[in-house]
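Enquirer: Take this structure, written in structure tokens, and hold onto it; I'll ask about it next.
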Amino acid sequence: MSGILDGKKILVMGVANNRSIAWGCAQAMAKQGAEVIYTYQNERLKKFISKLVTDEDRLIECDVSSDDSLEAAFGEVAKRFGKIDGIVHAIAFAKKEELGGSILNSTRDGFSQALDVSAYSLLAVAKEGVKILNNPSSIVTLTYMGSDRALPNYNTMGIAKAALESAMRYLARDLGEKGIRVNAISAGAMRTLAVSGIKGHADLLKISQSETVDGVNVTKEEVGNTCAFLMSDLATGLTGDVIFVDKGVHLR
Ligand code: NAD
């Protein structure tokens with residue numbers, strides 16, 4: 001059976017476990033014929049991804065808060081797989097204290113760390129990525145509508161997502177001439193490891209579900225299918241955009 005990603009090699013960054021949005025993306029892209037390569041954050045998380053991906057060759061460590069780790073990881077991708085056709089950046093982090101109550105709880109250190117890991121990392125990944133991305137190719141990042149709305153408890157992460165979306169647009173402009181497209185998927189809320197750090201996340205998920213157009217939450221498979229489309233040559237006209245895959249929650 002032929003798929004829209006036949007012959008494409010895609011690097012997926014951000015699978016922590018089988019609930020991860022990145023895992024939904026990886027599975028949808030594999031279904032469309034892509035060869036998927038994965039990075040994991042550290043040895044502790046390797047245990048979980050190893051249960052999902054048994055081919056050790058496809059697993060490469062990468063901590064995006066370290067330039068050395070990024071350089072080593074992309075060097076390793078090049079050594080094992082040569083050039084690639086896409087990167088999924090599904091990475092974010094903020095300390096619990098940054099994700100509850102008033103935005104005045106934010107600290108200089110907590111803010112810097114959240115912005116570094118959740119927004120600057122897209123630029124850092126792109127810097128390494130341009131060395132091994134084909135023409136044409138595609139970079140997709142994951143964002144949330146807390147970027148342009150002041151939602152309860154999302155706080156510093158909302159500011160980080162605003163920076164991430166802006167970084168995505170600047171990258172789209174600068175990488176266009178190399179044939180690299182850059183877009184963001186704004187996903188609806190779903191239960192993952194990252195979400196469990198947000199104060200009152202159970203309410204966030206409930207409210208989000210009630211605000212979908214049909215009362216049914218979006219799934220990581222649906223987000224994954226959009227990611228597969230954005231990685232494919234069907235999407236060569238699309239760059240610098242935020243695409244909502246949230247069952248219409250952003251319409252409210
Ligand atoms: P997740 O916890 O499964 O994934 C987050 C990933 O970030 C993990 O794999 C973690 O290892 C990685 N990460 C954190 N710090 C890192 C570092 N220093 N180096 C390398 N990797 C690091 O949760 P998720 O919800 O699937 O998150 C994926 C992306 O989707 C995030 O950007 C998140 O903000 C975004 N998003 C999530 C939702 C949601 O409701 N779950 C909605 C919209 C957007």
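Residue numbering restarts at 1 for every chain of the structure tokens, chains are lettered A, B, ... in their displayed order, and ligands are numbered from 1 as they appear.
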Mind the document's chain letters and residue numbers, and return as an NGL selection string the residues of segment 48-252 of chain A that DSSP labels strand (DSSP E or B).

Expert: :A and (59-61 or 84-89 or 133-143 or 180-187 or 242-245)

Enquirer: Please run DSSP on the backbone and report, as a ChimeraX atom specification, all residues within segment 120-200 of chain A that come out as helix (DSSP H, G or I).

Expert: /A:120-129,145-147,155-178,195-197

Enquirer: Please, which residues have at least one atom within 6 Å of an atom of ligand 1, using only C-alpha atoms and all ligand atoms, listed as a list in words?

Expert: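 If we count only C-alpha atoms and all ligand atoms, the neighbours of ligand 1 turn out to be Gly14, Val15, Ala16, Ser20, Ile21, Ala22, Gln41, Cys62, Asp63, Val64, Ser65, Ala90, Ile91, Ala92, Phe93, Val117, Leu142, Thr143, Tyr144, Ser186, Ala187, Gly188, Ala189, Met190, Arg191, Thr192, Leu193, Ala194 and Val195 of chain A.
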
Enquirer: Using only C-alpha atoms, which residues sit within 9 Å of Gly3 of chain A once same-chain residues fewer than 2 positions away are excluded, as a PyMOL selection string?

Expert: chain A and resi 1+5-6+29+31-34

Enquirer: With only C-alpha atoms as the counted atoms, please give the residues lying no more than 8 Å from segment 127-131 of chain A, apart from itself and same-chain residues fewer than 2 positions off, as a list in words.

Expert: Leu70, Glu71, Phe74, Ile87, Leu123, Ala124, Val125 and Leu133 of chain A

Enquirer: Please dump the current selection as a compact mmCIF listing (two decimals), in the first residue's frame; keep N, CA and C atoms.

Expert:
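Saved file selection.txt follows:
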```txt
# COMPACT_ATOMS: atom_id res chain seq x y z
N LEU A 70 22.58 18.24 21.73
CA LEU A 70 21.92 18.41 20.42
C LEU A 70 22.89 18.08 19.28
N GLU A 71 24.11 18.59 19.40
CA GLU A 71 25.09 18.38 18.33
C GLU A 71 25.40 16.89 18.21
N PHE A 74 22.29 14.97 16.64
CA PHE A 74 22.10 15.14 15.19
C PHE A 74 23.26 14.52 14.41
N ILE A 87 11.29 16.90 10.92
CA ILE A 87 11.51 16.83 12.37
C ILE A 87 10.20 17.21 13.07
N LEU A 123 14.56 26.65 17.97
CA LEU A 123 15.64 27.27 17.20
C LEU A 123 16.90 26.40 17.26
N ALA A 124 17.18 25.88 18.45
CA ALA A 124 18.39 25.05 18.62
C ALA A 124 18.29 23.78 17.78
N VAL A 125 17.10 23.19 17.74
CA VAL A 125 16.87 21.99 16.94
C VAL A 125 17.01 22.33 15.45
N LEU A 133 18.72 18.25 6.81
CA LEU A 133 17.37 18.19 6.22
C LEU A 133 17.45 18.31 4.70
```

Enquirer: Which residue, A:Met145, A:Asp85, A:Leu151, A:Leu122, has the smallest gap to Ser102 of chain A when you use only C-alpha atoms?

Expert: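 The answer is A:Leu151, which sits nearest to Ser102 of chain A.
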
Enquirer: Identify, on the basis of only C-alpha atoms, every residue whose closest approach to Glu35 of chain A does not exceed 8 Å; exclude the query and any residue fewer than 4 positions from it along the same chain; express the result as a list of chain:residue names.

Expert: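 These residues fall inside the cut-off: A:Gly7, A:Lys8, A:Lys9, A:Ile10, A:Ala30.
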
Enquirer: May I have the selected residues written with all heavy atoms, as a compact mmCIF listing (two decimals), in the first residue's frame?

Expert:
```txt
# COMPACT_ATOMS: atom_id res chain seq x y z
N GLY A 7 9.14 6.65 1.62
CA GLY A 7 10.51 7.07 1.31
C GLY A 7 11.01 8.21 2.18
O GLY A 7 12.14 8.67 2.01
N LYS A 8 10.20 8.70 3.12
CA LYS A 8 10.65 9.84 3.95
C LYS A 8 11.15 9.34 5.31
O LYS A 8 10.55 8.46 5.92
CB LYS A 8 9.51 10.84 4.15
CG LYS A 8 9.08 11.51 2.84
CD LYS A 8 8.64 12.94 3.09
CE LYS A 8 8.04 13.57 1.87
NZ LYS A 8 9.02 14.25 1.03
N LYS A 9 12.23 9.99 5.76
CA LYS A 9 12.77 9.69 7.10
C LYS A 9 12.46 10.88 8.00
O LYS A 9 12.81 12.01 7.69
CB LYS A 9 14.30 9.55 7.02
CG LYS A 9 14.76 8.28 6.37
CD LYS A 9 16.28 8.24 6.37
CE LYS A 9 16.78 7.79 5.01
NZ LYS A 9 18.22 8.03 4.83
N ILE A 10 11.77 10.60 9.10
CA ILE A 10 11.34 11.67 10.00
C ILE A 10 11.88 11.45 11.41
O ILE A 10 11.76 10.35 11.96
CB ILE A 10 9.79 11.74 10.10
CG1 ILE A 10 9.12 11.60 8.74
CG2 ILE A 10 9.36 12.99 10.86
CD1 ILE A 10 9.07 12.82 7.88
N ALA A 30 4.22 6.61 10.43
CA ALA A 30 4.65 5.26 10.04
C ALA A 30 3.56 4.61 9.17
O ALA A 30 3.87 3.95 8.17
CB ALA A 30 4.94 4.43 11.28
```

Enquirer: For Glu56 of chain A, please output as a list in words all residues within 12 Å (counting only C-alpha atoms; exclusion window: fewer than 3 positions along the same chain).

Expert: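 Near Glu56 of chain A, the qualifying residues are Ile37, Tyr38, Thr39, Tyr40, Lys46, Lys47, Ile49, Ser50, Lys51, Leu52, Val53, Leu59, Ile60, Glu61 and Arg80 of chain A.
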
Enquirer: Those same residues, written as a PDB file, in the first residue's frame with N, CA, C and O atoms?

Expert:
```
ATOM      1  N   ILE A  37      12.606   7.925  13.231  1.00  0.00           N
ATOM      2  CA  ILE A  37      13.771   7.886  14.131  1.00  0.00           C
ATOM      3  C   ILE A  37      13.348   8.693  15.367  1.00  0.00           C
ATOM      4  O   ILE A  37      12.620   9.681  15.237  1.00  0.00           O
ATOM      5  N   TYR A  38      13.822   8.290  16.557  1.00  0.00           N
ATOM      6  CA  TYR A  38      13.329   8.939  17.776  1.00  0.00           C
ATOM      7  C   TYR A  38      14.473   9.484  18.626  1.00  0.00           C
ATOM      8  O   TYR A  38      15.537   8.865  18.701  1.00  0.00           O
ATOM      9  N   THR A  39      14.228  10.635  19.282  1.00  0.00           N
ATOM     10  CA  THR A  39      15.134  11.015  20.364  1.00  0.00           C
ATOM     11  C   THR A  39      14.361  10.927  21.679  1.00  0.00           C
ATOM     12  O   THR A  39      13.149  11.108  21.714  1.00  0.00           O
ATOM     13  N   TYR A  40      15.107  10.633  22.738  1.00  0.00           N
ATOM     14  CA  TYR A  40      14.538  10.620  24.098  1.00  0.00           C
ATOM     15  C   TYR A  40      15.422  11.511  24.964  1.00  0.00           C
ATOM     16  O   TYR A  40      16.608  11.709  24.683  1.00  0.00           O
ATOM     17  N   LYS A  46      14.434   6.588  28.593  1.00  0.00           N
ATOM     18  CA  LYS A  46      14.726   5.565  27.570  1.00  0.00           C
ATOM     19  C   LYS A  46      13.977   4.264  27.877  1.00  0.00           C
ATOM     20  O   LYS A  46      13.504   3.574  26.977  1.00  0.00           O
ATOM     21  N   LYS A  47      13.855   3.976  29.182  1.00  0.00           N
ATOM     22  CA  LYS A  47      13.159   2.752  29.606  1.00  0.00           C
ATOM     23  C   LYS A  47      11.749   2.684  29.013  1.00  0.00           C
ATOM     24  O   LYS A  47      11.290   1.645  28.593  1.00  0.00           O
ATOM     25  N   ILE A  49      10.416   4.495  26.301  1.00  0.00           N
ATOM     26  CA  ILE A  49      10.351   4.470  24.834  1.00  0.00           C
ATOM     27  C   ILE A  49      10.847   3.123  24.299  1.00  0.00           C
ATOM     28  O   ILE A  49      10.378   2.658  23.259  1.00  0.00           O
ATOM     29  N   SER A  50      11.736   2.485  25.039  1.00  0.00           N
ATOM     30  CA  SER A  50      12.248   1.179  24.600  1.00  0.00           C
ATOM     31  C   SER A  50      11.140   0.132  24.546  1.00  0.00           C
ATOM     32  O   SER A  50      11.242  -0.851  23.817  1.00  0.00           O
ATOM     33  N   LYS A  51      10.088   0.357  25.350  1.00  0.00           N
ATOM     34  CA  LYS A  51       8.958  -0.589  25.312  1.00  0.00           C
ATOM     35  C   LYS A  51       8.142  -0.401  24.037  1.00  0.00           C
ATOM     36  O   LYS A  51       7.459  -1.303  23.579  1.00  0.00           O
ATOM     37  N   LEU A  52       8.201   0.802  23.463  1.00  0.00           N
ATOM     38  CA  LEU A  52       7.408   1.098  22.253  1.00  0.00           C
ATOM     39  C   LEU A  52       8.211   0.860  20.982  1.00  0.00           C
ATOM     40  O   LEU A  52       7.662   0.484  19.952  1.00  0.00           O
ATOM     41  N   VAL A  53       9.509   1.141  21.064  1.00  0.00           N
ATOM     42  CA  VAL A  53      10.371   1.032  19.872  1.00  0.00           C
ATOM     43  C   VAL A  53      11.468   0.022  20.196  1.00  0.00           C
ATOM     44  O   VAL A  53      12.342   0.304  21.028  1.00  0.00           O
ATOM     45  N   LEU A  59      16.833   4.791  18.326  1.00  0.00           N
ATOM     46  CA  LEU A  59      16.698   5.573  19.557  1.00  0.00           C
ATOM     47  C   LEU A  59      17.994   6.333  19.840  1.00  0.00           C
ATOM     48  O   LEU A  59      19.054   5.728  19.962  1.00  0.00           O
ATOM     49  N   ILE A  60      17.884   7.657  19.953  1.00  0.00           N
ATOM     50  CA  ILE A  60      19.066   8.488  20.163  1.00  0.00           C
ATOM     51  C   ILE A  60      18.773   9.476  21.296  1.00  0.00           C
ATOM     52  O   ILE A  60      17.737  10.129  21.306  1.00  0.00           O
ATOM     53  N   GLU A  61      19.719   9.588  22.239  1.00  0.00           N
ATOM     54  CA  GLU A  61      19.499  10.493  23.377  1.00  0.00           C
ATOM     55  C   GLU A  61      19.684  11.951  22.946  1.00  0.00           C
ATOM     56  O   GLU A  61      20.589  12.268  22.181  1.00  0.00           O
ATOM     57  N   ARG A  80      23.867   7.423  11.321  1.00  0.00           N
ATOM     58  CA  ARG A  80      23.078   6.191  11.168  1.00  0.00           C
ATOM     59  C   ARG A  80      22.118   6.229   9.978  1.00  0.00           C
ATOM     60  O   ARG A  80      21.825   5.204   9.380  1.00  0.00           O
TER      61      ARG A  80
END
```

Enquirer: Between A:Glu76, A:Asp174, A:Glu97, A:Asp241, which one has atoms that come closest to Asp109 of chain A, using only C-alpha atoms?

Expert: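 Selected residue with least distance to Asp109 of chain A: A:Glu97.
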
Enquirer: Env of Thr107 of chain A: 12 Å cut, atoms = only C-alpha atoms, seq-sep filter 4 positions within chain, self excluded. Answer as a list in words.

Expert: Ala94, Lys95, Lys96, Glu97, Glu98, Leu99, Ser102, Ile103, Phe111, Ser112, Gln113, Ala114, Leu115, Asn155 and Thr156 of chain A

Enquirer: Would you save the residues from that selection as an mmCIF file, in the first residue's frame, using all heavy atoms?

Expert:
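The resulting file, part_4.cif, is reproduced below:
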```cif
data_model
loop_
_atom_site.group_PDB
_atom_site.id
_atom_site.type_symbol
_atom_site.label_atom_id
_atom_site.label_comp_id
_atom_site.auth_asym_id
_atom_site.auth_seq_id
_atom_site.Cartn_x
_atom_site.Cartn_y
_atom_site.Cartn_z
ATOM 1 N N ALA A 94 8.000 23.034 32.153
ATOM 2 C CA ALA A 94 8.042 24.106 33.152
ATOM 3 C C ALA A 94 7.876 23.459 34.514
ATOM 4 O O ALA A 94 7.166 22.454 34.647
ATOM 5 C CB ALA A 94 6.935 25.122 32.910
ATOM 6 N N LYS A 95 8.559 24.025 35.510
ATOM 7 C CA LYS A 95 8.399 23.507 36.878
ATOM 8 C C LYS A 95 6.956 23.684 37.316
ATOM 9 O O LYS A 95 6.294 24.651 36.908
ATOM 10 C CB LYS A 95 9.279 24.331 37.822
ATOM 11 C CG LYS A 95 10.724 24.001 37.742
ATOM 12 C CD LYS A 95 11.452 24.771 38.857
ATOM 13 C CE LYS A 95 12.934 24.600 38.689
ATOM 14 N NZ LYS A 95 13.693 25.805 38.906
ATOM 15 N N LYS A 96 6.521 22.804 38.209
ATOM 16 C CA LYS A 96 5.135 22.852 38.734
ATOM 17 C C LYS A 96 4.772 24.245 39.236
ATOM 18 O O LYS A 96 3.663 24.724 39.014
ATOM 19 C CB LYS A 96 5.001 21.851 39.883
ATOM 20 C CG LYS A 96 4.361 20.540 39.471
ATOM 21 C CD LYS A 96 3.846 19.790 40.692
ATOM 22 C CE LYS A 96 2.677 18.915 40.335
ATOM 23 N NZ LYS A 96 2.920 17.677 39.721
ATOM 24 N N GLU A 97 5.740 24.911 39.907
ATOM 25 C CA GLU A 97 5.457 26.230 40.513
ATOM 26 C C GLU A 97 5.095 27.275 39.451
ATOM 27 O O GLU A 97 4.500 28.311 39.761
ATOM 28 C CB GLU A 97 6.676 26.760 41.297
ATOM 29 C CG GLU A 97 7.163 25.863 42.437
ATOM 30 C CD GLU A 97 7.987 24.680 41.947
ATOM 31 O OE1 GLU A 97 9.064 24.923 41.381
ATOM 32 O OE2 GLU A 97 7.561 23.527 42.120
ATOM 33 N N GLU A 98 5.493 27.019 38.207
ATOM 34 C CA GLU A 98 5.184 27.973 37.122
ATOM 35 C C GLU A 98 3.790 27.725 36.546
ATOM 36 O O GLU A 98 3.348 28.454 35.664
ATOM 37 C CB GLU A 98 6.217 27.830 35.992
ATOM 38 C CG GLU A 98 7.641 28.185 36.385
ATOM 39 C CD GLU A 98 7.860 29.684 36.589
ATOM 40 O OE1 GLU A 98 7.207 30.489 35.915
ATOM 41 O OE2 GLU A 98 8.701 30.040 37.443
ATOM 42 N N LEU A 99 3.142 26.647 36.988
ATOM 43 C CA LEU A 99 1.913 26.202 36.326
ATOM 44 C C LEU A 99 0.714 26.166 37.268
ATOM 45 O O LEU A 99 -0.082 25.226 37.249
ATOM 46 C CB LEU A 99 2.140 24.800 35.722
ATOM 47 C CG LEU A 99 3.219 24.692 34.648
ATOM 48 C CD1 LEU A 99 3.493 23.241 34.283
ATOM 49 C CD2 LEU A 99 2.832 25.482 33.400
ATOM 50 N N SER A 102 -1.395 32.406 40.418
ATOM 51 C CA SER A 102 -1.152 33.668 39.723
ATOM 52 C C SER A 102 0.135 33.614 38.892
ATOM 53 O O SER A 102 1.103 32.945 39.279
ATOM 54 C CB SER A 102 -1.022 34.788 40.765
ATOM 55 O OG SER A 102 -0.495 35.939 40.154
ATOM 56 N N ILE A 103 0.151 34.353 37.798
ATOM 57 C CA ILE A 103 1.382 34.473 36.994
ATOM 58 C C ILE A 103 2.485 35.134 37.824
ATOM 59 O O ILE A 103 3.672 34.980 37.534
ATOM 60 C CB ILE A 103 1.120 35.251 35.670
ATOM 61 C CG1 ILE A 103 2.324 35.212 34.712
ATOM 62 C CG2 ILE A 103 0.748 36.703 35.945
ATOM 63 C CD1 ILE A 103 2.721 33.871 34.202
ATOM 64 N N PHE A 111 11.059 30.817 34.801
ATOM 65 C CA PHE A 111 10.674 31.400 33.506
ATOM 66 C C PHE A 111 11.730 31.081 32.449
ATOM 67 O O PHE A 111 11.420 30.609 31.350
ATOM 68 C CB PHE A 111 10.516 32.914 33.678
ATOM 69 C CG PHE A 111 10.006 33.634 32.461
ATOM 70 C CD1 PHE A 111 8.640 33.836 32.275
ATOM 71 C CD2 PHE A 111 10.880 34.137 31.503
ATOM 72 C CE1 PHE A 111 8.162 34.516 31.151
ATOM 73 C CE2 PHE A 111 10.416 34.806 30.381
ATOM 74 C CZ PHE A 111 9.059 35.001 30.204
ATOM 75 N N SER A 112 13.004 31.325 32.811
ATOM 76 C CA SER A 112 14.097 31.086 31.843
ATOM 77 C C SER A 112 14.129 29.637 31.403
ATOM 78 O O SER A 112 14.290 29.339 30.217
ATOM 79 C CB SER A 112 15.466 31.397 32.464
ATOM 80 O OG SER A 112 15.493 32.691 32.900
ATOM 81 N N GLN A 113 13.970 28.747 32.381
ATOM 82 C CA GLN A 113 14.031 27.317 32.040
ATOM 83 C C GLN A 113 12.874 26.923 31.116
ATOM 84 O O GLN A 113 13.074 26.227 30.125
ATOM 85 C CB GLN A 113 13.979 26.484 33.327
ATOM 86 C CG GLN A 113 14.158 25.006 33.060
ATOM 87 C CD GLN A 113 13.937 24.167 34.309
ATOM 88 O OE1 GLN A 113 13.229 24.564 35.233
ATOM 89 N NE2 GLN A 113 14.553 22.994 34.326
ATOM 90 N N ALA A 114 11.675 27.416 31.438
ATOM 91 C CA ALA A 114 10.507 27.074 30.615
ATOM 92 C C ALA A 114 10.683 27.606 29.188
ATOM 93 O O ALA A 114 10.400 26.906 28.214
ATOM 94 C CB ALA A 114 9.236 27.642 31.246
ATOM 95 N N LEU A 115 11.139 28.830 29.081
ATOM 96 C CA LEU A 115 11.322 29.429 27.737
ATOM 97 C C LEU A 115 12.450 28.728 26.980
ATOM 98 O O LEU A 115 12.374 28.542 25.767
ATOM 99 C CB LEU A 115 11.603 30.931 27.870
ATOM 100 C CG LEU A 115 10.397 31.900 27.856
ATOM 101 C CD1 LEU A 115 9.887 32.152 26.456
ATOM 102 C CD2 LEU A 115 9.264 31.467 28.758
ATOM 103 N N ASN A 155 -0.234 29.851 32.654
ATOM 104 C CA ASN A 155 0.792 30.823 33.065
ATOM 105 C C ASN A 155 2.057 30.869 32.199
ATOM 106 O O ASN A 155 1.987 31.160 31.010
ATOM 107 C CB ASN A 155 1.141 30.587 34.543
ATOM 108 C CG ASN A 155 -0.055 30.875 35.442
ATOM 109 O OD1 ASN A 155 -1.106 31.288 34.964
ATOM 110 N ND2 ASN A 155 0.095 30.673 36.737
ATOM 111 N N THR A 156 3.198 30.533 32.801
ATOM 112 C CA THR A 156 4.481 30.675 32.086
ATOM 113 C C THR A 156 4.499 29.878 30.784
ATOM 114 O O THR A 156 5.125 30.288 29.800
ATOM 115 C CB THR A 156 5.643 30.218 32.998
ATOM 116 O OG1 THR A 156 5.511 30.915 34.236
ATOM 117 C CG2 THR A 156 6.987 30.526 32.388
#
```

Enquirer: Go through A:Ala126, A:Ile132, A:Val249, A:Ala72 and flag the residue nearest Ser210 of chain A, using only C-alpha atoms for the distances.

Expert: A:Val249
